[in-house]
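Participant: Please read through the structure below; I'll follow up with questions.
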Amino acid sequence: MPRDEHRYLRYVALGDSQTEGLGDGDDTTGLRGLADRLAEHLALHSPGLRYANLAVRGRLAGQVRAEQLAPALALRPDLATVVAGVNDILRPRFDAGEVAGHLEAMFGALTGQGARVLTMTFPDLARITPLARPLSPRVSELNDRIRTAAARQGVAVVETGHHPVVTDPRLWSADRLHAGPLGHERIAAALAYALGLPGSDDSWTRPLPPDGAPRSTVAAELRWAAAFLGPWLGRRLRGRSSGDARTAKRPELLPVLP
């Protein structure tokens, strides 16, 4: 019998804090995030699905490749998501070609083993916080290179940055670098739609109902910089990462309850 194109047995997620689930839960109650949410979508159509999440916050694309690719291949996934690169964009020395090279190596290794692979482009951070405007060219260049690498390797790309809803603060956590619960939910819905899962649609692209919230002010931007940007820069200057001494939250394939 031919394989059901919507049924998967082993889903493995590779990446950084976004895939780990920061912004959706916390380290005390547990993180959920886009990969957990996608696994729940998949389990509705794939009884017996097992899921592993190898992502660790703070990881650069090269670190994701070095630390997560071999364990992912050993799990022999039939579906994988690879989402990395934002941490590289935020570093002083950024080479879009090098980052895309690491991503393409992961794409090729996973598809070469027979996995279906999904990845994502990134929204322009300046549309979320004006202080990030100098990073806009980096985001654009990396997105172009991700599309090119994905096309060469037969990887599906979810375009998250084109839709106006991505700038809605309600989709983001307070640090503006990580999606909040609603943002993770929307990303998971976008991935499900890219896979053509039954019941998925493009409603993830649609704007939220207006809530009358005030627009961001200069004072609010300064408070954000003090609360989040300053500590982040401090870690970089000390050569530290939010992921130091951390390991994957779900390194083994475990059952998913729909």
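Note on naming: chains are A, B, ... as they come in the structure tokens, residues start from 1 per chain, ligands start from 1 in the order shown.
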What's around region 48-62 of chain A at 6 Å? Count only C-alpha atoms, leave out sequence neighbours fewer than 6 positions away in its own chain, and write the answer as a list in words.

Facilitator: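 Here the qualifying residues turn out to be Leu9, Arg10, Tyr11, Val12, Ala13, Leu14, Gly15, Asp16, Ser17, Thr19, Glu20, Ala84, Gly85, Asn87, Asp88, Val99, His102, Ser241, Ser242, Gly243, Ala248, Arg250, Pro251, Glu252, Leu253, Leu254, Pro255 and Val256 of chain A.
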
Participant: Select from region 63-208 of chain A everything DSSP, run on the backbone, classes as strand (DSSP E or B), then give the selection as a PyMOL selection string.

Facilitator: chain A and resi 79-83+116-120+156-158+172+179

Participant: Filtering to N, CA, C and O atoms, could you give me those residues as an mmCIF file, in the first residue's frame?

Facilitator:
data_model
loop_
_atom_site.group_PDB
_atom_site.id
_atom_site.type_symbol
_atom_site.label_atom_id
_atom_site.label_comp_id
_atom_site.auth_asym_id
_atom_site.auth_seq_id
_atom_site.Cartn_x
_atom_site.Cartn_y
_atom_site.Cartn_z
ATOM 1 N N LEU A 79 10.102 13.109 9.201
ATOM 2 C CA LEU A 79 9.810 14.537 9.131
ATOM 3 C C LEU A 79 10.756 15.265 10.070
ATOM 4 O O LEU A 79 10.982 14.827 11.200
ATOM 5 N N ALA A 80 11.314 16.389 9.587
ATOM 6 C CA ALA A 80 12.196 17.204 10.425
ATOM 7 C C ALA A 80 11.931 18.676 10.138
ATOM 8 O O ALA A 80 11.600 19.054 9.013
ATOM 9 N N THR A 81 12.065 19.497 11.168
ATOM 10 C CA THR A 81 12.077 20.949 10.998
ATOM 11 C C THR A 81 13.459 21.451 11.398
ATOM 12 O O THR A 81 14.033 20.998 12.396
ATOM 13 N N VAL A 82 13.986 22.381 10.591
ATOM 14 C CA VAL A 82 15.291 22.990 10.855
ATOM 15 C C VAL A 82 15.084 24.500 10.830
ATOM 16 O O VAL A 82 14.811 25.083 9.774
ATOM 17 N N VAL A 83 15.192 25.125 11.995
ATOM 18 C CA VAL A 83 14.973 26.570 12.104
ATOM 19 C C VAL A 83 16.112 27.157 12.931
ATOM 20 O O VAL A 83 16.197 26.921 14.135
ATOM 21 N N ARG A 116 11.248 14.233 5.088
ATOM 22 C CA ARG A 116 10.659 15.466 4.578
ATOM 23 C C ARG A 116 11.081 16.580 5.527
ATOM 24 O O ARG A 116 10.980 16.429 6.752
ATOM 25 N N VAL A 117 11.549 17.702 4.988
ATOM 26 C CA VAL A 117 12.132 18.766 5.824
ATOM 27 C C VAL A 117 11.414 20.073 5.569
ATOM 28 O O VAL A 117 11.127 20.433 4.423
ATOM 29 N N LEU A 118 11.129 20.789 6.656
ATOM 30 C CA LEU A 118 10.560 22.131 6.594
ATOM 31 C C LEU A 118 11.504 23.104 7.273
ATOM 32 O O LEU A 118 12.156 22.766 8.265
ATOM 33 N N THR A 119 11.547 24.325 6.750
ATOM 34 C CA THR A 119 12.281 25.401 7.392
ATOM 35 C C THR A 119 11.457 26.670 7.291
ATOM 36 O O THR A 119 10.334 26.648 6.778
ATOM 37 N N MET A 120 12.015 27.783 7.765
ATOM 38 C CA MET A 120 11.282 29.045 7.788
ATOM 39 C C MET A 120 12.199 30.200 7.429
ATOM 40 O O MET A 120 13.398 30.155 7.675
ATOM 41 N N ALA A 156 10.766 22.418 2.019
ATOM 42 C CA ALA A 156 9.660 23.373 2.004
ATOM 43 C C ALA A 156 9.980 24.550 2.918
ATOM 44 O O ALA A 156 10.511 24.363 4.018
ATOM 45 N N VAL A 157 9.662 25.760 2.448
ATOM 46 C CA VAL A 157 9.934 26.979 3.209
ATOM 47 C C VAL A 157 8.619 27.636 3.614
ATOM 48 O O VAL A 157 7.774 27.915 2.752
ATOM 49 N N VAL A 158 8.456 27.874 4.896
ATOM 50 C CA VAL A 158 7.299 28.614 5.389
ATOM 51 C C VAL A 158 7.697 30.080 5.482
ATOM 52 O O VAL A 158 8.647 30.438 6.189
ATOM 53 N N TRP A 172 3.966 38.252 20.199
ATOM 54 C CA TRP A 172 5.337 38.234 20.684
ATOM 55 C C TRP A 172 5.400 38.243 22.204
ATOM 56 O O TRP A 172 4.520 38.770 22.872
ATOM 57 N N ALA A 179 8.560 34.465 19.994
ATOM 58 C CA ALA A 179 7.106 34.459 19.893
ATOM 59 C C ALA A 179 6.503 34.158 21.254
ATOM 60 O O ALA A 179 7.099 33.453 22.078
#

Participant: What's the separation between CA of Leu73 (chain A) and CA of Ala109 (chain A), in Å to one decimal place?

Facilitator: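 Atom-to-atom, CA of Leu73 (chain A) and CA of Ala109 (chain A) are spaced 7.8 Å apart.
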
Participant: Which is closer to Val86 (chain A) than all the others in A:Pro181, A:Pro169, A:Pro123, A:Pro130, using only C-alpha atoms?

Facilitator: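 Among the listed residues, the smallest separation from Val86 (chain A) belongs to A:Pro123.
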
Participant: If you count only C-alpha atoms, which residues fall within 12 Å of Arg37 (chain A), apart from same-chain ones fewer than 6 positions away, as a ChimeraX atom specification?

Facilitator: /A:13,19-21,24,31,43-44,51,53,181-192,256-258

Participant: One decimal, Å: what's the distance from CA of His178 (chain A) over to CA of Gly23 (chain A), could you say?

Facilitator: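 Those two atoms sit 5.6 Å apart.
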
Participant: Which is closest to Ala100 (chain A) among A:Leu42, A:Ala126, A:Ile146, A:Ala115, if we use only C-alpha atoms?

Facilitator: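 Smallest distance to Ala100 (chain A) is found for A:Ile146.
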
Participant: Give the alpha helix (DSSP H) residues of region 53-239 of chain A, as DSSP finds them on the backbone, and put them as number ranges by chain.

Facilitator: A: 61-74, 86-89, 96-112, 136-153, 181-195, 218-224, 230-237

Participant: What does the distance from CA of Thr247 (chain A) to CA of Glu40 (chain A) come to in Å, to one decimal?

Facilitator: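 Interatomic distance here is 22.4 Å.
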